[in-house]
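With mmCIF, C-alpha atoms inside, this is work_16.cif:
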```cif
data_structure
loop_
_atom_site.group_PDB
_atom_site.id
_atom_site.type_symbol
_atom_site.label_atom_id
_atom_site.label_comp_id
_atom_site.auth_asym_id
_atom_site.auth_seq_id
_atom_site.Cartn_x
_atom_site.Cartn_y
_atom_site.Cartn_z
ATOM 1 C CA MET O 1 -39.561 81.470 14.126
ATOM 2 C CA PRO O 2 -36.858 78.775 14.147
ATOM 3 C CA TYR O 3 -36.185 77.039 17.441
ATOM 4 C CA ILE O 4 -32.419 77.412 16.982
ATOM 5 C CA LYS O 5 -30.316 80.226 15.522
ATOM 6 C CA LEU O 6 -30.282 79.985 11.711
ATOM 7 C CA ASP O 7 -29.268 82.405 8.982
ATOM 8 C CA SER O 8 -32.439 84.372 8.290
ATOM 9 C CA HIS O 9 -31.752 84.514 4.540
ATOM 10 C CA LEU O 10 -31.761 80.694 4.284
ATOM 11 C CA PRO O 11 -35.289 79.367 4.874
ATOM 12 C CA GLY O 12 -36.210 75.729 5.262
ATOM 13 C CA ILE O 13 -33.649 72.987 4.900
ATOM 14 C CA THR O 14 -30.906 75.213 3.497
ATOM 15 C CA GLY O 15 -30.421 77.058 6.778
ATOM 16 C CA LEU O 16 -30.274 73.789 8.699
ATOM 17 C CA LEU O 17 -27.739 72.268 6.321
ATOM 18 C CA GLU O 18 -25.553 75.372 6.506
ATOM 19 C CA THR O 19 -25.709 75.376 10.308
ATOM 20 C CA ARG O 20 -24.319 71.815 10.528
ATOM 21 C CA LYS O 21 -22.217 71.251 7.420
ATOM 22 C CA ASP O 22 -20.693 68.150 9.009
ATOM 23 C CA THR O 23 -24.028 66.355 9.318
ATOM 24 C CA ALA O 24 -25.318 67.928 6.109
ATOM 25 C CA GLN O 25 -22.672 66.422 3.850
ATOM 26 C CA PRO O 26 -23.697 62.758 4.114
ATOM 27 C CA ILE O 27 -27.378 63.685 3.803
ATOM 28 C CA ARG O 28 -26.638 65.809 0.731
ATOM 29 C CA ASP O 29 -24.566 62.990 -0.797
ATOM 30 C CA LEU O 30 -27.354 60.456 -0.309
ATOM 31 C CA THR O 31 -29.974 62.839 -1.684
ATOM 32 C CA GLN O 32 -27.820 63.660 -4.714
ATOM 33 C CA PHE O 33 -27.279 59.961 -5.397
ATOM 34 C CA LEU O 34 -30.952 59.035 -4.998
ATOM 35 C CA LEU O 35 -32.574 61.980 -6.771
ATOM 36 C CA ARG O 36 -29.964 62.888 -9.389
ATOM 37 C CA GLY O 37 -27.892 59.733 -9.791
ATOM 38 C CA GLN O 38 -28.294 57.232 -12.578
ATOM 39 C CA ASN O 39 -31.609 55.459 -12.194
ATOM 40 C CA THR O 40 -34.369 53.908 -14.279
ATOM 41 C CA LEU O 41 -36.783 56.306 -12.565
ATOM 42 C CA THR O 42 -36.569 59.757 -14.098
ATOM 43 C CA GLU O 43 -35.523 62.739 -12.027
ATOM 44 C CA ALA O 44 -39.106 64.021 -12.336
ATOM 45 C CA GLU O 45 -40.505 60.728 -11.006
ATOM 46 C CA ARG O 46 -38.134 60.822 -8.052
ATOM 47 C CA GLU O 47 -39.159 64.433 -7.339
ATOM 48 C CA LEU O 48 -42.796 63.296 -7.445
ATOM 49 C CA ILE O 49 -41.998 60.766 -4.705
ATOM 50 C CA ALA O 50 -40.407 63.536 -2.612
ATOM 51 C CA THR O 51 -43.426 65.759 -3.254
ATOM 52 C CA VAL O 52 -46.029 63.150 -2.325
ATOM 53 C CA VAL O 53 -44.237 62.226 0.896
ATOM 54 C CA SER O 54 -43.661 65.862 1.897
ATOM 55 C CA ASN O 55 -47.268 66.732 1.096
ATOM 56 C CA GLY O 56 -48.571 63.799 3.138
ATOM 57 C CA ASN O 57 -46.329 64.857 6.025
ATOM 58 C CA GLU O 58 -47.739 68.397 5.720
ATOM 59 C CA CYS O 59 -44.263 69.891 5.413
ATOM 60 C CA ARG O 60 -45.049 73.117 3.607
ATOM 61 C CA PHE O 61 -41.458 74.066 2.770
ATOM 62 C CA CYS O 62 -40.507 70.670 1.308
ATOM 63 C CA THR O 63 -43.825 70.207 -0.495
ATOM 64 C CA THR O 64 -43.561 73.576 -2.204
ATOM 65 C CA ALA O 65 -39.868 73.166 -3.038
ATOM 66 C CA HIS O 66 -40.219 69.694 -4.546
ATOM 67 C CA THR O 67 -43.451 70.568 -6.321
ATOM 68 C CA ALA O 68 -41.573 73.419 -8.013
ATOM 69 C CA ALA O 69 -38.675 71.094 -8.943
ATOM 70 C CA ALA O 70 -41.016 68.391 -10.276
ATOM 71 C CA ASN O 71 -42.981 70.957 -12.269
ATOM 72 C CA LEU O 72 -39.785 72.293 -13.796
ATOM 73 C CA LEU O 73 -38.589 68.806 -14.723
ATOM 74 C CA LEU O 74 -41.998 67.852 -16.130
ATOM 75 C CA GLY O 75 -42.446 71.145 -17.968
ATOM 76 C CA GLU O 76 -45.980 71.526 -16.601
ATOM 77 C CA GLU O 77 -47.873 71.877 -13.318
ATOM 78 C CA THR O 78 -50.903 69.604 -13.656
ATOM 79 C CA THR O 79 -49.271 66.248 -12.931
ATOM 80 C CA CYS O 80 -47.776 67.265 -9.615
ATOM 81 C CA SER O 81 -51.025 68.825 -8.457
ATOM 82 C CA LEU O 82 -52.986 65.677 -9.321
ATOM 83 C CA VAL O 83 -50.387 63.334 -7.781
ATOM 84 C CA LYS O 84 -50.676 65.177 -4.465
ATOM 85 C CA ASP O 85 -54.467 64.828 -4.512
ATOM 86 C CA ASP O 86 -54.641 61.192 -5.628
ATOM 87 C CA PRO O 87 -51.910 59.306 -7.496
ATOM 88 C CA ASP O 88 -54.535 57.055 -9.116
ATOM 89 C CA THR O 89 -56.073 59.992 -11.018
ATOM 90 C CA ALA O 90 -52.754 61.535 -12.061
ATOM 91 C CA PRO O 91 -51.393 61.227 -15.603
ATOM 92 C CA VAL O 92 -48.494 58.951 -14.594
ATOM 93 C CA SER O 93 -47.786 55.334 -15.488
ATOM 94 C CA GLY O 94 -49.341 52.445 -13.599
ATOM 95 C CA LYS O 95 -45.866 51.659 -12.291
ATOM 96 C CA MET O 96 -45.487 55.186 -10.930
ATOM 97 C CA LYS O 97 -48.940 55.072 -9.329
ATOM 98 C CA ALA O 98 -47.972 51.841 -7.561
ATOM 99 C CA LEU O 99 -44.631 53.295 -6.428
ATOM 100 C CA LEU O 100 -46.358 56.421 -5.094
ATOM 101 C CA HIS O 101 -48.651 54.193 -3.035
ATOM 102 C CA ILE O 102 -45.562 52.520 -1.597
ATOM 103 C CA ALA O 103 -44.067 55.950 -0.845
ATOM 104 C CA ASN O 104 -47.245 57.003 0.946
ATOM 105 C CA ALA O 105 -47.210 53.787 2.959
ATOM 106 C CA VAL O 106 -43.591 54.409 4.010
ATOM 107 C CA ARG O 107 -44.575 57.933 5.050
ATOM 108 C CA VAL O 108 -46.921 56.507 7.654
ATOM 109 C CA SER O 109 -44.749 53.546 8.694
ATOM 110 C CA GLY O 110 -42.377 51.185 6.975
ATOM 111 C CA LYS O 111 -44.614 48.392 8.243
ATOM 112 C CA ASN O 112 -47.403 49.771 6.044
ATOM 113 C CA VAL O 113 -45.578 48.565 2.951
ATOM 114 C CA THR O 114 -47.406 45.317 2.299
ATOM 115 C CA PRO O 115 -46.705 42.404 -0.023
ATOM 116 C CA GLN O 116 -49.786 43.521 -1.975
ATOM 117 C CA LEU O 117 -48.302 46.983 -2.591
ATOM 118 C CA VAL O 118 -45.011 45.456 -3.705
ATOM 119 C CA ASP O 119 -46.757 42.869 -5.903
ATOM 120 C CA ARG O 120 -48.812 45.612 -7.534
ATOM 121 C CA ALA O 121 -45.652 47.609 -8.282
ATOM 122 C CA LYS O 122 -43.939 44.542 -9.723
ATOM 123 C CA SER O 123 -46.996 43.677 -11.822
ATOM 124 C CA GLU O 124 -46.856 47.226 -13.216
ATOM 125 C CA GLY O 125 -43.228 46.690 -14.225
ATOM 126 C CA ALA O 126 -41.324 48.140 -11.260
ATOM 127 C CA THR O 127 -37.931 46.590 -10.697
ATOM 128 C CA GLU O 128 -36.661 45.611 -7.286
ATOM 129 C CA GLN O 129 -34.205 48.518 -7.433
ATOM 130 C CA GLU O 130 -37.048 50.956 -8.189
ATOM 131 C CA ILE O 131 -39.023 49.620 -5.232
ATOM 132 C CA HIS O 132 -35.909 49.857 -3.047
ATOM 133 C CA ASP O 133 -35.179 53.407 -4.160
ATOM 134 C CA THR O 134 -38.806 54.471 -3.694
ATOM 135 C CA VAL O 135 -38.756 53.247 -0.097
ATOM 136 C CA LEU O 136 -35.412 54.916 0.572
ATOM 137 C CA ILE O 137 -36.440 58.230 -1.045
ATOM 138 C CA ALA O 138 -39.676 58.202 0.954
ATOM 139 C CA ALA O 139 -37.807 57.460 4.191
ATOM 140 C CA LEU O 140 -35.236 60.159 3.427
ATOM 141 C CA PHE O 141 -37.937 62.754 2.863
ATOM 142 C CA CYS O 142 -39.630 61.767 6.116
ATOM 143 C CA LEU O 143 -36.293 62.630 7.734
ATOM 144 C CA TYR O 144 -36.129 65.947 5.883
ATOM 145 C CA ASN O 145 -39.741 66.825 6.679
ATOM 146 C CA ARG O 146 -39.277 66.142 10.365
ATOM 147 C CA TYR O 147 -35.944 67.978 10.387
ATOM 148 C CA VAL O 148 -37.431 71.095 8.770
ATOM 149 C CA ASP O 149 -40.614 71.166 10.830
ATOM 150 C CA GLY O 150 -39.074 69.808 14.038
ATOM 151 C CA LEU O 151 -36.771 72.824 14.247
ATOM 152 C CA GLY O 152 -39.444 75.303 13.187
ATOM 153 C CA THR O 153 -37.568 76.600 10.149
ATOM 154 C CA ALA O 154 -38.833 79.718 8.461
ATOM 155 C CA LEU O 155 -40.655 79.813 5.163
ATOM 156 C CA PRO O 156 -39.324 82.212 2.542
ATOM 157 C CA ASP O 157 -40.756 85.735 2.602
ATOM 158 C CA ASP O 158 -41.103 85.709 -1.182
ATOM 159 C CA ALA O 159 -42.814 82.752 -2.887
ATOM 160 C CA SER O 160 -40.535 83.184 -5.914
ATOM 161 C CA TYR O 161 -37.780 81.712 -3.714
ATOM 162 C CA TYR O 162 -39.179 78.256 -4.537
ATOM 163 C CA ASN O 163 -38.727 78.797 -8.275
ATOM 164 C CA THR O 164 -35.128 79.863 -7.689
ATOM 165 C CA LEU O 165 -34.597 76.834 -5.458
ATOM 166 C CA ALA O 166 -36.162 74.541 -8.078
ATOM 167 C CA GLN O 167 -33.780 75.921 -10.715
ATOM 168 C CA ARG O 168 -30.859 75.234 -8.396
ATOM 169 C CA LEU O 169 -32.050 71.686 -7.628
ATOM 170 C CA VAL O 170 -32.627 70.865 -11.295
ATOM 171 C CA ASN O 171 -29.437 72.470 -12.604
ATOM 172 C CA HIS O 172 -27.027 71.902 -9.723
ATOM 173 C CA GLY O 173 -28.583 69.054 -7.764
ATOM 174 C CA TYR O 174 -28.490 68.566 -4.035
ATOM 175 C CA THR O 175 -24.838 69.258 -3.443
ATOM 176 C CA ARG O 176 -23.777 72.425 -1.657
ATOM 177 C CA LEU O 177 -23.102 75.339 -3.975
ATOM 178 C CA PRO O 178 -19.326 75.721 -4.312
ATOM 179 C CA GLN O 179 -19.505 79.359 -3.226
ATOM 180 C CA GLY O 180 -21.949 78.672 -0.395
ATOM 181 C CA TYR O 181 -25.023 80.879 0.015
ATOM 182 C CA SER O 182 -23.702 84.261 1.107
ATOM 183 C CA HIS O 183 -24.432 85.585 -2.390
ATOM 184 C CA ILE O 184 -28.176 85.398 -1.675
ATOM 185 C CA ARG O 185 -27.923 87.360 1.566
ATOM 186 C CA PRO O 186 -30.185 90.423 1.352
#
```

Turn this file's structure into C-alpha cells for me.
Amino acid sequence: MPYIKLDSHLPGITGLLETRKDTAQPIRDLTQFLLRGQNTLTEAERELIATVVSNGNECRFCTTAHTAAANLLLGEETTCSLVKDDPDTAPVSGKMKALLHIANAVRVSGKNVTPQLVDRAKSEGATEQEIHDTVLIAALFCLYNRYVDGLGTALPDDASYYNTLAQRLVNHGYTRLPQGYSHIRP
C-alpha cells in the first residue's frame, strides 16, 4: 500500500508523476531526452541500461516495465533476461557489456566507476558521450527506483499492464499522455 495518497489505477511511477506534475515534468523531459532522444546508443540499449539498474536495485515495478519495453524494442525476450543475469553472457556487443558494467557500478555508487571500467568501454568502442549518457541514465534510474520503492507504490493487479506500458513507452515515449490517464481508470 502506498505511503501517500495516489490514484489506485496508476501503479508505480505513473501515480507518483501524476500526483506531482510540477516535479514530474523536468524528470519526464530528462528521461525522454536520454531514452528517446537522438543518440548513438539505440533505444533498446538504453532500455537495457534502465533494466539492469532497476533489476540490481530490486525495484520490481521498474524492472518489469523496462524489461517489457526492451523486449518490445528488441523483438525478443532472451537478451534482456540474460543481461539481467550477467551482461557478459548476454548476446550484446562488447561495448554494451562494458557500458552495462559501468551502469551497475553507478547503481552501487558513482565512486565505483573506475578508470578500468571506462578504459574497457573505450577500448570496446564506446564514445565519451555514450559513457556520459550511460552514467546519467543509470543515475536517473536509481532516482526512479528509490522514488517508486521509497513511497511504497503499488504494483499493477494485472501483469498485462506492463505490456500496455511498454507499448506506450515505445510508441509515445516518456512524456505525459496529452489526455492524461483518466481513460485507464477502471

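Taking all atoms listed in the file into account, O:Ala69 lies nearest to O:Glu45 out of the set O:Ser8, O:Glu45, O:Leu151, O:Thr175.
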
Please enumerate the residues selected by the PyMOL selection byres ((chain O and resi 17-26) around 10) when evaluated against the supplied file, formatted as a ChimeraX atom specification. /O:4-7,10,12-16,27-32,175-176,180-181

Separation of atom CA of O:Gly125 from atom CA of O:Pro87, in Å and rounded to one decimal: 16.7 Å

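Atom pair atom CA of O:Pro91 / atom CA of O:Arg146 has a distance of 29.1 Å (rounded to one decimal).
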
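Take atom CA of O:Tyr174 and atom CA of O:Glu77: the distance between them is 21.7 Å.
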
Nearest residue to O:Asn57 out of O:Gly75, O:Gly150, O:Gly94, O:Gly37, using only C-alpha atoms? O:Gly150

Contacts of O:Thr134 at 7 Å or less, counting all atoms listed in the file, minus same-chain residues fewer than 3 places along, as an MDAnalysis selection string? chainID O and resid 99 103 130:131 137:138

Would you mind listing, for every residue of stretch 125-166 of chain O within 9 Å of stretch 58-65 of chain O, the two atoms forming the shortest contact and the distance between them in Å to one decimal, using only C-alpha atoms, sorted by chain and ascending residue number, as a Markdown table?
```
| residue | atom | partner | partner_atom | distance |
| --- | --- | --- | --- | --- |
| O:Phe141 | CA | O:Cys62 | CA | 8.5 |
| O:Tyr144 | CA | O:Cys62 | CA | 7.9 |
| O:Asn145 | CA | O:Cys59 | CA | 5.6 |
| O:Arg146 | CA | O:Cys59 | CA | 8.0 |
| O:Val148 | CA | O:Cys59 | CA | 7.7 |
| O:Asp149 | CA | O:Cys59 | CA | 6.7 |
| O:Thr153 | CA | O:Phe61 | CA | 8.7 |
| O:Ala154 | CA | O:Phe61 | CA | 8.4 |
| O:Leu155 | CA | O:Phe61 | CA | 6.3 |
| O:Pro156 | CA | O:Phe61 | CA | 8.4 |
| O:Tyr161 | CA | O:Ala65 | CA | 8.8 |
| O:Tyr162 | CA | O:Ala65 | CA | 5.4 |
| O:Asn163 | CA | O:Ala65 | CA | 7.8 |
| O:Leu165 | CA | O:Ala65 | CA | 6.9 |
| O:Ala166 | CA | O:Ala65 | CA | 6.4 |
```

Local residues around (-40.4, 62.5, -12.5), at most 10 Å away, using all atoms listed in the file, as number ranges by chain: O: 35, 41-50, 69-74, 79-80, 92, 96

Spatial neighbours of O:Ile102, max dist 12 Å, all atoms listed in the file, sep filter under 5 positions, as a PyMOL selection string: chain O and resi 49+52-53+87+95-97+107-122+126+130-139

Restricted to C-alpha atoms, what would the selected residues look like written as a short mmCIF file (atom, residue, chain, number, x, y, z; two decimals), in the coordinates of the input?
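Contents of selection.cif, freshly written:
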```cif
data_model
loop_
_atom_site.label_atom_id
_atom_site.label_comp_id
_atom_site.auth_asym_id
_atom_site.auth_seq_id
_atom_site.Cartn_x
_atom_site.Cartn_y
_atom_site.Cartn_z
CA ILE O 49 -42.00 60.77 -4.70
CA VAL O 52 -46.03 63.15 -2.33
CA VAL O 53 -44.24 62.23 0.90
CA PRO O 87 -51.91 59.31 -7.50
CA LYS O 95 -45.87 51.66 -12.29
CA MET O 96 -45.49 55.19 -10.93
CA LYS O 97 -48.94 55.07 -9.33
CA ARG O 107 -44.58 57.93 5.05
CA VAL O 108 -46.92 56.51 7.65
CA SER O 109 -44.75 53.55 8.69
CA GLY O 110 -42.38 51.18 6.98
CA LYS O 111 -44.61 48.39 8.24
CA ASN O 112 -47.40 49.77 6.04
CA VAL O 113 -45.58 48.56 2.95
CA THR O 114 -47.41 45.32 2.30
CA PRO O 115 -46.70 42.40 -0.02
CA GLN O 116 -49.79 43.52 -1.98
CA LEU O 117 -48.30 46.98 -2.59
CA VAL O 118 -45.01 45.46 -3.70
CA ASP O 119 -46.76 42.87 -5.90
CA ARG O 120 -48.81 45.61 -7.53
CA ALA O 121 -45.65 47.61 -8.28
CA LYS O 122 -43.94 44.54 -9.72
CA ALA O 126 -41.32 48.14 -11.26
CA GLU O 130 -37.05 50.96 -8.19
CA ILE O 131 -39.02 49.62 -5.23
CA HIS O 132 -35.91 49.86 -3.05
CA ASP O 133 -35.18 53.41 -4.16
CA THR O 134 -38.81 54.47 -3.69
CA VAL O 135 -38.76 53.25 -0.10
CA LEU O 136 -35.41 54.92 0.57
CA ILE O 137 -36.44 58.23 -1.04
CA ALA O 138 -39.68 58.20 0.95
CA ALA O 139 -37.81 57.46 4.19
#
```

Residue with the minimum atom-to-atom distance to O:Ser93, picked from O:Thr78, O:Gln129, O:Glu124, O:Arg168 with only C-alpha atoms counted, is O:Glu124

Is there a way to complete stretch 161-175 of chain O with N, CA and C atoms and then write that out as a PDB file, in the coordinates of the input?
```pdb
ATOM      1  N   TYR O 161     -38.942  82.450  -4.215  1.00  0.00           N
ATOM      2  CA  TYR O 161     -37.780  81.712  -3.714  1.00  0.00           C
ATOM      3  C   TYR O 161     -37.834  80.253  -4.173  1.00  0.00           C
ATOM      4  N   TYR O 162     -39.040  79.662  -4.168  1.00  0.00           N
ATOM      5  CA  TYR O 162     -39.179  78.256  -4.537  1.00  0.00           C
ATOM      6  C   TYR O 162     -38.811  78.003  -5.994  1.00  0.00           C
ATOM      7  N   ASN O 163     -39.114  78.956  -6.874  1.00  0.00           N
ATOM      8  CA  ASN O 163     -38.727  78.797  -8.275  1.00  0.00           C
ATOM      9  C   ASN O 163     -37.214  78.868  -8.431  1.00  0.00           C
ATOM     10  N   THR O 164     -36.594  79.764  -7.673  1.00  0.00           N
ATOM     11  CA  THR O 164     -35.128  79.863  -7.689  1.00  0.00           C
ATOM     12  C   THR O 164     -34.510  78.585  -7.135  1.00  0.00           C
ATOM     13  N   LEU O 165     -35.074  78.076  -6.050  1.00  0.00           N
ATOM     14  CA  LEU O 165     -34.597  76.834  -5.458  1.00  0.00           C
ATOM     15  C   LEU O 165     -34.770  75.673  -6.434  1.00  0.00           C
ATOM     16  N   ALA O 166     -35.914  75.612  -7.101  1.00  0.00           N
ATOM     17  CA  ALA O 166     -36.162  74.541  -8.078  1.00  0.00           C
ATOM     18  C   ALA O 166     -35.126  74.584  -9.197  1.00  0.00           C
ATOM     19  N   GLN O 167     -34.812  75.780  -9.676  1.00  0.00           N
ATOM     20  CA  GLN O 167     -33.780  75.921 -10.715  1.00  0.00           C
ATOM     21  C   GLN O 167     -32.450  75.371 -10.208  1.00  0.00           C
ATOM     22  N   ARG O 168     -32.115  75.701  -8.975  1.00  0.00           N
ATOM     23  CA  ARG O 168     -30.859  75.234  -8.396  1.00  0.00           C
ATOM     24  C   ARG O 168     -30.862  73.713  -8.256  1.00  0.00           C
ATOM     25  N   LEU O 169     -31.970  73.133  -7.797  1.00  0.00           N
ATOM     26  CA  LEU O 169     -32.050  71.686  -7.628  1.00  0.00           C
ATOM     27  C   LEU O 169     -31.968  70.953  -8.964  1.00  0.00           C
ATOM     28  N   VAL O 170     -32.626  71.499  -9.974  1.00  0.00           N
ATOM     29  CA  VAL O 170     -32.627  70.865 -11.295  1.00  0.00           C
ATOM     30  C   VAL O 170     -31.266  71.015 -11.974  1.00  0.00           C
ATOM     31  N   ASN O 171     -30.680  72.196 -11.873  1.00  0.00           N
ATOM     32  CA  ASN O 171     -29.437  72.470 -12.604  1.00  0.00           C
ATOM     33  C   ASN O 171     -28.166  72.119 -11.847  1.00  0.00           C
ATOM     34  N   HIS O 172     -28.229  72.146 -10.530  1.00  0.00           N
ATOM     35  CA  HIS O 172     -27.027  71.902  -9.723  1.00  0.00           C
ATOM     36  C   HIS O 172     -27.152  70.642  -8.870  1.00  0.00           C
ATOM     37  N   GLY O 173     -28.363  70.225  -8.603  1.00  0.00           N
ATOM     38  CA  GLY O 173     -28.583  69.054  -7.764  1.00  0.00           C
ATOM     39  C   GLY O 173     -28.631  69.411  -6.292  1.00  0.00           C
ATOM     40  N   TYR O 174     -28.342  68.425  -5.477  1.00  0.00           N
ATOM     41  CA  TYR O 174     -28.490  68.566  -4.035  1.00  0.00           C
ATOM     42  C   TYR O 174     -27.173  68.804  -3.311  1.00  0.00           C
ATOM     43  N   THR O 175     -26.121  68.962  -4.066  1.00  0.00           N
ATOM     44  CA  THR O 175     -24.838  69.258  -3.443  1.00  0.00           C
ATOM     45  C   THR O 175     -24.797  70.730  -3.041  1.00  0.00           C
TER      46      THR O 175
END
```
